[in-house]
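Shown next: model_14.cif, given as mmCIF, C-alpha atoms.
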data_work
#
loop_
_atom_site.label_atom_id
_atom_site.label_comp_id
_atom_site.auth_asym_id
_atom_site.auth_seq_id
_atom_site.Cartn_x
_atom_site.Cartn_y
_atom_site.Cartn_z
CA MET A 1 12.25 -18.29 0.62
CA ASN A 2 15.80 -19.17 -0.40
CA LYS A 3 17.37 -19.01 -3.84
CA GLN A 4 16.84 -22.68 -4.65
CA GLN A 5 13.16 -22.55 -3.65
CA LEU A 6 12.68 -19.52 -5.86
CA PHE A 7 14.30 -21.31 -8.78
CA GLU A 8 12.17 -24.40 -8.19
CA ASN A 9 9.04 -22.26 -8.37
CA ILE A 10 10.24 -20.79 -11.65
CA LYS A 11 10.77 -24.26 -13.13
CA ARG A 12 7.47 -25.61 -11.79
CA LYS A 13 5.39 -22.72 -13.13
CA GLN A 14 7.55 -22.09 -16.18
CA SER A 15 7.33 -18.45 -15.28
CA PHE A 16 9.47 -15.73 -13.76
CA LEU A 17 6.69 -13.15 -13.77
CA CYS A 18 6.20 -10.71 -10.92
CA VAL A 19 2.90 -8.84 -10.87
CA GLY A 20 3.31 -5.30 -9.60
CA LEU A 21 0.44 -4.23 -7.38
CA ASP A 22 0.68 -0.51 -8.14
CA THR A 23 -2.92 -0.01 -7.12
CA ASP A 24 -4.21 3.53 -7.65
CA ILE A 25 -7.71 4.06 -6.26
CA LYS A 26 -8.30 6.59 -9.05
CA LYS A 27 -7.70 3.91 -11.70
CA ILE A 28 -9.55 0.88 -10.38
CA PRO A 29 -13.01 -0.01 -11.77
CA GLU A 30 -15.70 2.29 -10.42
CA HIS A 31 -17.93 -0.48 -9.12
CA LEU A 32 -15.26 -1.38 -6.55
CA LEU A 33 -15.55 2.02 -4.89
CA LYS A 34 -18.69 0.71 -3.17
CA GLU A 35 -16.57 -1.84 -1.29
CA GLU A 36 -15.49 -1.25 2.29
CA ASP A 37 -11.85 -1.49 1.18
CA PRO A 38 -11.73 -0.87 -2.59
CA VAL A 39 -7.96 -1.26 -2.91
CA PHE A 40 -7.90 -4.61 -1.15
CA ALA A 41 -10.95 -5.80 -3.11
CA PHE A 42 -9.13 -4.93 -6.33
CA ASN A 43 -5.89 -6.59 -5.21
CA LYS A 44 -7.65 -9.74 -4.04
CA ALA A 45 -9.36 -10.19 -7.41
CA ILE A 46 -6.13 -9.52 -9.32
CA ILE A 47 -4.18 -11.98 -7.16
CA ASP A 48 -6.76 -14.74 -7.56
CA ALA A 49 -6.74 -14.28 -11.34
CA THR A 50 -2.97 -14.06 -11.83
CA ALA A 51 -1.51 -16.40 -9.18
CA PRO A 52 -1.32 -19.44 -11.52
CA TYR A 53 0.92 -17.51 -13.90
CA CYS A 54 3.38 -15.65 -11.67
CA ILE A 55 5.92 -16.42 -8.99
CA ALA A 56 5.96 -13.07 -7.18
CA TYR A 57 3.97 -9.99 -6.25
CA LYS A 58 5.43 -6.53 -5.76
CA PRO A 59 3.24 -3.98 -4.01
CA ASN A 60 4.65 -0.49 -4.54
CA LEU A 61 4.42 1.28 -1.18
CA ALA A 62 3.86 4.74 -2.66
CA PHE A 63 0.41 3.73 -3.89
CA TYR A 64 -0.60 2.66 -0.37
CA GLU A 65 1.12 5.40 1.61
CA SER A 66 -0.68 7.99 -0.53
CA MET A 67 -3.90 6.94 1.22
CA GLY A 68 -2.59 7.24 4.76
CA VAL A 69 -3.78 4.72 7.34
CA LYS A 70 -6.39 3.26 4.97
CA GLY A 71 -3.67 2.51 2.44
CA TRP A 72 -1.45 0.79 5.01
CA ILE A 73 -4.37 -1.35 6.12
CA ALA A 74 -5.05 -2.37 2.50
CA PHE A 75 -1.33 -3.14 2.05
CA GLU A 76 -1.18 -5.32 5.16
CA LYS A 77 -4.37 -7.15 4.21
CA THR A 78 -2.95 -7.77 0.74
CA VAL A 79 0.27 -9.24 2.13
CA GLU A 80 -1.65 -11.45 4.54
CA TYR A 81 -3.98 -12.64 1.78
CA ILE A 82 -1.07 -13.70 -0.42
CA LYS A 83 0.72 -15.46 2.44
CA LYS A 84 -2.38 -17.34 3.54
CA ASN A 85 -3.75 -18.35 0.14
CA TYR A 86 -0.66 -18.49 -2.11
CA PRO A 87 2.29 -19.30 0.17
CA ASP A 88 4.54 -20.18 -2.76
CA GLN A 89 4.50 -16.56 -3.96
CA PHE A 90 7.59 -14.40 -3.35
CA ILE A 91 6.50 -11.04 -1.89
CA ILE A 92 8.55 -7.92 -2.60
CA ALA A 93 7.90 -4.65 -0.80
CA ASP A 94 8.86 -2.04 -3.38
CA ALA A 95 9.72 0.60 -0.80
CA LYS A 96 13.13 1.87 -1.98
CA ARG A 97 14.22 2.54 1.58
CA GLY A 98 17.73 3.47 2.69
CA ASP A 99 18.87 5.81 5.47
CA ILE A 100 21.43 6.00 8.28
CA GLY A 101 21.88 2.72 10.10
CA ASN A 102 19.45 3.07 13.01
CA THR A 103 16.70 4.32 10.67
CA SER A 104 17.30 1.51 8.18
CA ALA A 105 17.07 -0.92 11.09
CA MET A 106 13.54 0.36 11.76
CA TYR A 107 12.59 -0.03 8.09
CA ALA A 108 13.97 -3.56 8.17
CA ARG A 109 11.98 -4.33 11.31
CA THR A 110 8.81 -3.08 9.61
CA PHE A 111 9.08 -5.28 6.55
CA PHE A 112 10.89 -8.34 7.87
CA GLU A 113 9.54 -8.66 11.43
CA GLU A 114 6.17 -6.95 11.53
CA LEU A 115 5.03 -7.88 8.00
CA ASP A 116 7.29 -10.91 7.38
CA ILE A 117 7.80 -10.01 3.71
CA ASP A 118 10.39 -11.87 1.63
CA ALA A 119 12.24 -8.91 0.13
CA VAL A 120 12.49 -5.14 0.11
CA THR A 121 13.98 -2.76 -2.44
CA VAL A 122 16.74 -0.55 -1.03
CA ALA A 123 18.50 2.53 -2.36
CA PRO A 124 22.29 2.12 -1.87
CA TYR A 125 23.28 5.79 -2.24
CA MET A 126 24.11 6.23 1.48
CA GLY A 127 26.44 3.24 1.48
CA GLU A 128 27.11 0.12 3.52
CA ASP A 129 25.72 1.13 6.91
CA SER A 130 22.40 2.07 5.30
CA VAL A 131 22.04 -1.39 3.72
CA THR A 132 23.48 -3.86 6.22
CA PRO A 133 20.59 -3.59 8.75
CA PHE A 134 18.40 -5.24 6.13
CA LEU A 135 20.93 -8.05 5.72
CA THR A 136 20.78 -9.28 9.32
CA TYR A 137 17.58 -11.25 8.70
CA GLU A 138 17.89 -14.89 7.66
CA LYS A 139 15.94 -16.01 4.59
CA LYS A 140 15.16 -12.40 3.67
CA TRP A 141 16.34 -10.53 0.59
CA VAL A 142 17.66 -7.06 -0.13
CA ILE A 143 17.08 -5.84 -3.67
CA LEU A 144 19.47 -2.98 -4.40
CA LEU A 145 18.75 -0.37 -7.05
CA ALA A 146 21.48 -0.73 -9.66
CA LEU A 147 20.41 0.40 -13.15
CA THR A 148 16.80 1.51 -13.28
CA SER A 149 14.37 1.74 -16.19
CA ASN A 150 13.50 5.44 -16.02
CA LYS A 151 14.94 8.10 -18.32
CA GLY A 152 16.62 9.88 -15.43
CA SER A 153 18.76 6.83 -14.69
CA HIS A 154 21.31 8.35 -17.07
CA ASP A 155 21.74 11.42 -14.84
CA PHE A 156 23.82 9.57 -12.23
CA GLN A 157 23.89 5.81 -12.76
CA LEU A 158 25.88 5.97 -16.01
CA THR A 159 28.38 8.62 -14.91
CA GLU A 160 31.99 7.43 -15.00
CA ASP A 161 34.93 7.99 -12.66
CA LYS A 162 38.45 8.65 -13.87
CA ALA A 163 39.06 4.94 -14.36
CA GLY A 164 35.98 4.63 -16.57
CA GLU A 165 33.90 2.75 -14.00
CA ARG A 166 30.24 3.71 -14.12
CA LEU A 167 28.34 4.38 -10.91
CA PHE A 168 26.02 1.38 -11.29
CA GLU A 169 29.09 -0.84 -11.76
CA LYS A 170 30.59 0.53 -8.56
CA VAL A 171 27.35 -0.28 -6.74
CA LEU A 172 27.43 -3.86 -8.06
CA ARG A 173 31.06 -4.44 -7.14
CA LYS A 174 31.08 -2.74 -3.74
CA SER A 175 27.82 -4.31 -2.54
CA GLN A 176 29.22 -7.80 -3.04
CA GLU A 177 31.42 -7.09 -0.02
CA TRP A 178 28.24 -6.86 2.08
CA ALA A 179 26.30 -9.94 0.92
CA ASN A 180 26.11 -12.64 -1.75
CA ASP A 181 23.68 -14.10 -4.27
CA GLN A 182 21.81 -15.95 -1.52
CA ASN A 183 20.30 -12.80 -0.01
CA MET A 184 20.91 -9.93 -2.41
CA MET A 185 19.38 -9.09 -5.78
CA TYR A 186 19.59 -6.04 -8.02
CA VAL A 187 17.05 -3.89 -9.82
CA VAL A 188 17.88 -3.61 -13.51
CA GLY A 189 15.34 -2.02 -15.83
CA ALA A 190 14.15 -3.94 -18.89
CA THR A 191 14.72 -0.80 -20.96
CA GLN A 192 18.49 -1.19 -20.56
CA GLY A 193 18.82 -3.86 -23.30
CA LYS A 194 22.40 -4.93 -23.95
CA MET A 195 23.55 -3.32 -20.70
CA PHE A 196 22.55 -6.61 -19.08
CA GLU A 197 25.72 -8.06 -20.60
CA ASP A 198 27.86 -5.60 -18.62
CA ILE A 199 25.91 -6.35 -15.47
CA ARG A 200 26.27 -10.12 -15.86
CA LYS A 201 30.05 -9.72 -16.11
CA ILE A 202 30.00 -8.41 -12.53
CA VAL A 203 27.11 -10.37 -10.98
CA PRO A 204 26.75 -13.55 -13.05
CA GLU A 205 24.83 -15.56 -10.42
CA HIS A 206 22.60 -12.99 -8.73
CA PHE A 207 18.89 -12.69 -9.36
CA LEU A 208 17.85 -9.47 -11.08
CA LEU A 209 14.49 -7.81 -10.52
CA VAL A 210 13.55 -6.42 -13.91
CA PRO A 211 10.81 -3.78 -14.10
CA GLY A 212 9.88 -1.94 -17.26
CA ILE A 213 8.18 -4.42 -19.58
CA GLY A 214 4.70 -3.53 -20.75
CA ALA A 215 3.75 0.09 -20.15
CA GLN A 216 7.37 1.29 -19.94
CA GLY A 217 8.29 -0.35 -23.23
CA GLY A 218 11.04 -2.70 -22.10
CA SER A 219 11.71 -5.87 -24.09
CA LEU A 220 11.28 -9.25 -22.41
CA GLU A 221 13.25 -10.87 -25.24
CA GLU A 222 16.24 -8.57 -24.78
CA ALA A 223 16.21 -8.95 -20.99
CA CYS A 224 16.28 -12.73 -21.41
CA LYS A 225 18.83 -12.73 -24.22
CA TYR A 226 21.37 -10.66 -22.31
CA GLY A 227 20.35 -11.21 -18.67
CA MET A 228 19.27 -14.82 -18.18
CA ASN A 229 21.71 -17.25 -16.57
CA SER A 230 21.64 -21.01 -15.95
CA LYS A 231 19.27 -20.57 -12.96
CA CYS A 232 17.11 -18.12 -14.93
CA GLY A 233 18.29 -15.33 -12.64
CA LEU A 234 15.45 -13.01 -13.58
CA ILE A 235 12.25 -11.86 -11.90
CA VAL A 236 10.50 -9.74 -14.50
CA ASN A 237 7.84 -7.35 -13.26
CA SER A 238 4.79 -6.08 -15.09
CA SER A 239 2.36 -3.77 -13.33
CA ARG A 240 0.03 -1.51 -15.31
CA ALA A 241 -0.15 -3.72 -18.42
CA ILE A 242 -1.63 -6.50 -16.31
CA ILE A 243 -3.60 -4.96 -13.48
CA TYR A 244 -5.21 -2.27 -15.65
CA ALA A 245 -5.80 -4.43 -18.70
CA ASP A 246 -9.52 -3.72 -18.35
CA LYS A 247 -11.58 -1.30 -16.25
CA SER A 248 -14.94 -3.05 -16.50
CA GLU A 249 -16.37 -5.61 -14.09
CA ALA A 250 -14.33 -8.18 -16.04
CA PHE A 251 -11.06 -6.53 -14.97
CA ALA A 252 -9.73 -9.58 -13.10
CA GLU A 253 -10.39 -11.95 -15.98
CA ALA A 254 -8.56 -9.58 -18.32
CA ALA A 255 -5.63 -9.35 -15.91
CA GLY A 256 -5.45 -13.14 -15.75
CA LYS A 257 -5.40 -13.41 -19.52
CA GLU A 258 -2.64 -10.82 -19.78
CA ALA A 259 -0.58 -12.58 -17.11
CA GLN A 260 -1.08 -15.90 -18.88
CA LYS A 261 0.12 -14.36 -22.14
CA VAL A 262 3.33 -13.14 -20.47
CA GLN A 263 3.79 -16.50 -18.75
CA GLN A 264 3.59 -18.30 -22.10
CA GLN A 265 6.25 -16.00 -23.51
CA MET A 266 8.43 -16.71 -20.49
CA ALA A 267 7.94 -20.46 -20.87
CA GLU A 268 9.31 -20.16 -24.40
CA GLN A 269 12.33 -18.23 -23.13
CA LEU A 270 13.00 -20.86 -20.48
CA LYS A 271 12.67 -23.63 -23.05
CA THR A 272 15.15 -21.87 -25.33
CA ALA A 273 17.55 -21.55 -22.39
CA GLY A 274 17.17 -25.24 -21.55
CA ILE A 275 15.59 -24.56 -18.16
CA ALA A 276 12.76 -27.03 -17.52
#

Can you turn what I pasted into structure tokens?
Amino acid sequence: MNKQQLFENIKRKQSFLCVGLDTDIKKIPEHLLKEEDPVFAFNKAIIDATAPYCIAYKPNLAFYESMGVKGWIAFEKTVEYIKKNYPDQFIIADAKRGDIGNTSAMYARTFFEELDIDAVTVAPYMGEDSVTPFLTYEKKWVILLALTSNKGSHDFQLTEDKAGERLFEKVLRKSQEWANDQNMMYVVGATQGKMFEDIRKIVPEHFLLVPGIGAQGGSLEEACKYGMNSKCGLIVNSSRAIIYADKSEAFAEAAGKEAQKVQQQMAEQLKTAGIA
């Protein structure tokens, strides 16, 4: 999916919501544990309930890898289900990979060849040769970690060099030598507020993947106020607040209602920005 197609989906659905499939078998409704594949059964129900209101899904690999082979099977089945039944959805593998070049090439092969996923999150700490193997695939996206939503982001990402440039700013500037806004995005946490202004000064046209609304306390309004551009430029993720909105047998219905609520808020933000 290219940038224009992604933007068209945002306009058509009046939504830039990404539903994070952070599926923990210890948190899903108990009645699903009787299923042959409880994680996939949960995901399938969540996807069916939320698909009208979102434009992307983001399975977090840690939640699947924690279950070994069974988890990987559930992950692959989830990806295939989305692709077959909701082909307009943008699929992000939240894997946070990044290693020396030949290892990154294997990670890229996994997600872009074997699984044919649209995008993968990548940690840029090891530099250009750890990222470029992901960039060799046409119509695929690399989403670099830039300024994350967790408290520990301040430990390194906000440190300054002698010229006053912060580490996340260096990542934004340097990475633009490797790719452009047609195949690279950045992770910027919703908890960062006005910091979006500083980010937009460096990457005005790139899409930003914005986690942290809902359970992490980030503000959708602030992310839009300081981070939205003329093409929207935001994919805002919500995970726990949607998928765990209810733990009864009505869990999927509750997730759908929560996703619809967020979508309506996003439609208002798009209207305010003149994006229709």

Item to check | Straight-line distance linking CA of Lys139 (chain A) with CA of Pro52 (chain A), stated in Å to one decimal | outcome: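 These atoms are spaced 23.9 Å apart.
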
Next on the checklist: If I take CA of Gln14 (chain A) and CA of Ala267 (chain A), how far is one from the other in Å, to one decimal?
Outcome noted: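 Computed distance, CA of Gln14 (chain A) to CA of Ala267 (chain A), equals 5.0 Å.
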
Checklist entry - Using all atoms listed in the file, which of A:Leu147, A:Ala45, A:Ile235, A:Ile117 sits nearest Glu80 (chain A)? => result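 When distances to Glu80 (chain A) are compared using all atoms listed in the file, the smallest one comes from A:Ile117.
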
Next on the checklist: the PyMOL selection byres ((chain A and resi 252) around 12) - which residues does that actually catch in the file I just gave you? List them as number ranges by chain.
Outcome noted: A: 28-29, 32, 41-51, 242-251, 253-259

Item to check | Expansion of the PyMOL selection byres ((chain A and resi 142) around 9) into residues, as a count of residues only | outcome: 16

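In this comparison, which uses only C-alpha atoms, the residue of A:Ile82, A:Gln263, A:Asn2, A:Asp24 approaching Ser66 (chain A) most closely is A:Asp24.
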
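The gap separating CA of Phe196 (chain A) from CA of Tyr226 (chain A) is 5.3 Å, in Å to one decimal.
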
Item to check | Test item: the PyMOL selection byres ((chain A and resi 276) around 8) resolved as a VMD selection string | outcome: chain A and resid 11 to 12 14 270 to 271 274 to 275

Checklist entry - Between A:Gln5, A:Ser219, A:Gln89, A:Thr159, which has the minimum distance to Ala190 (chain A) (counting all atoms listed in the file)? => result A:Ser219

Next on the checklist: Report as a list in words all protein, DNA and RNA residues lying within 10 Å of Tyr125 (chain A), evaluated on all atoms listed in the file, omitting residues in the same chain fewer than 2 positions from it.
Outcome noted: Gly98, Asp99, Val122, Ala123, Gly127, Glu128, Ser130, Val131, Leu144, Leu145 and Val171 of chain A
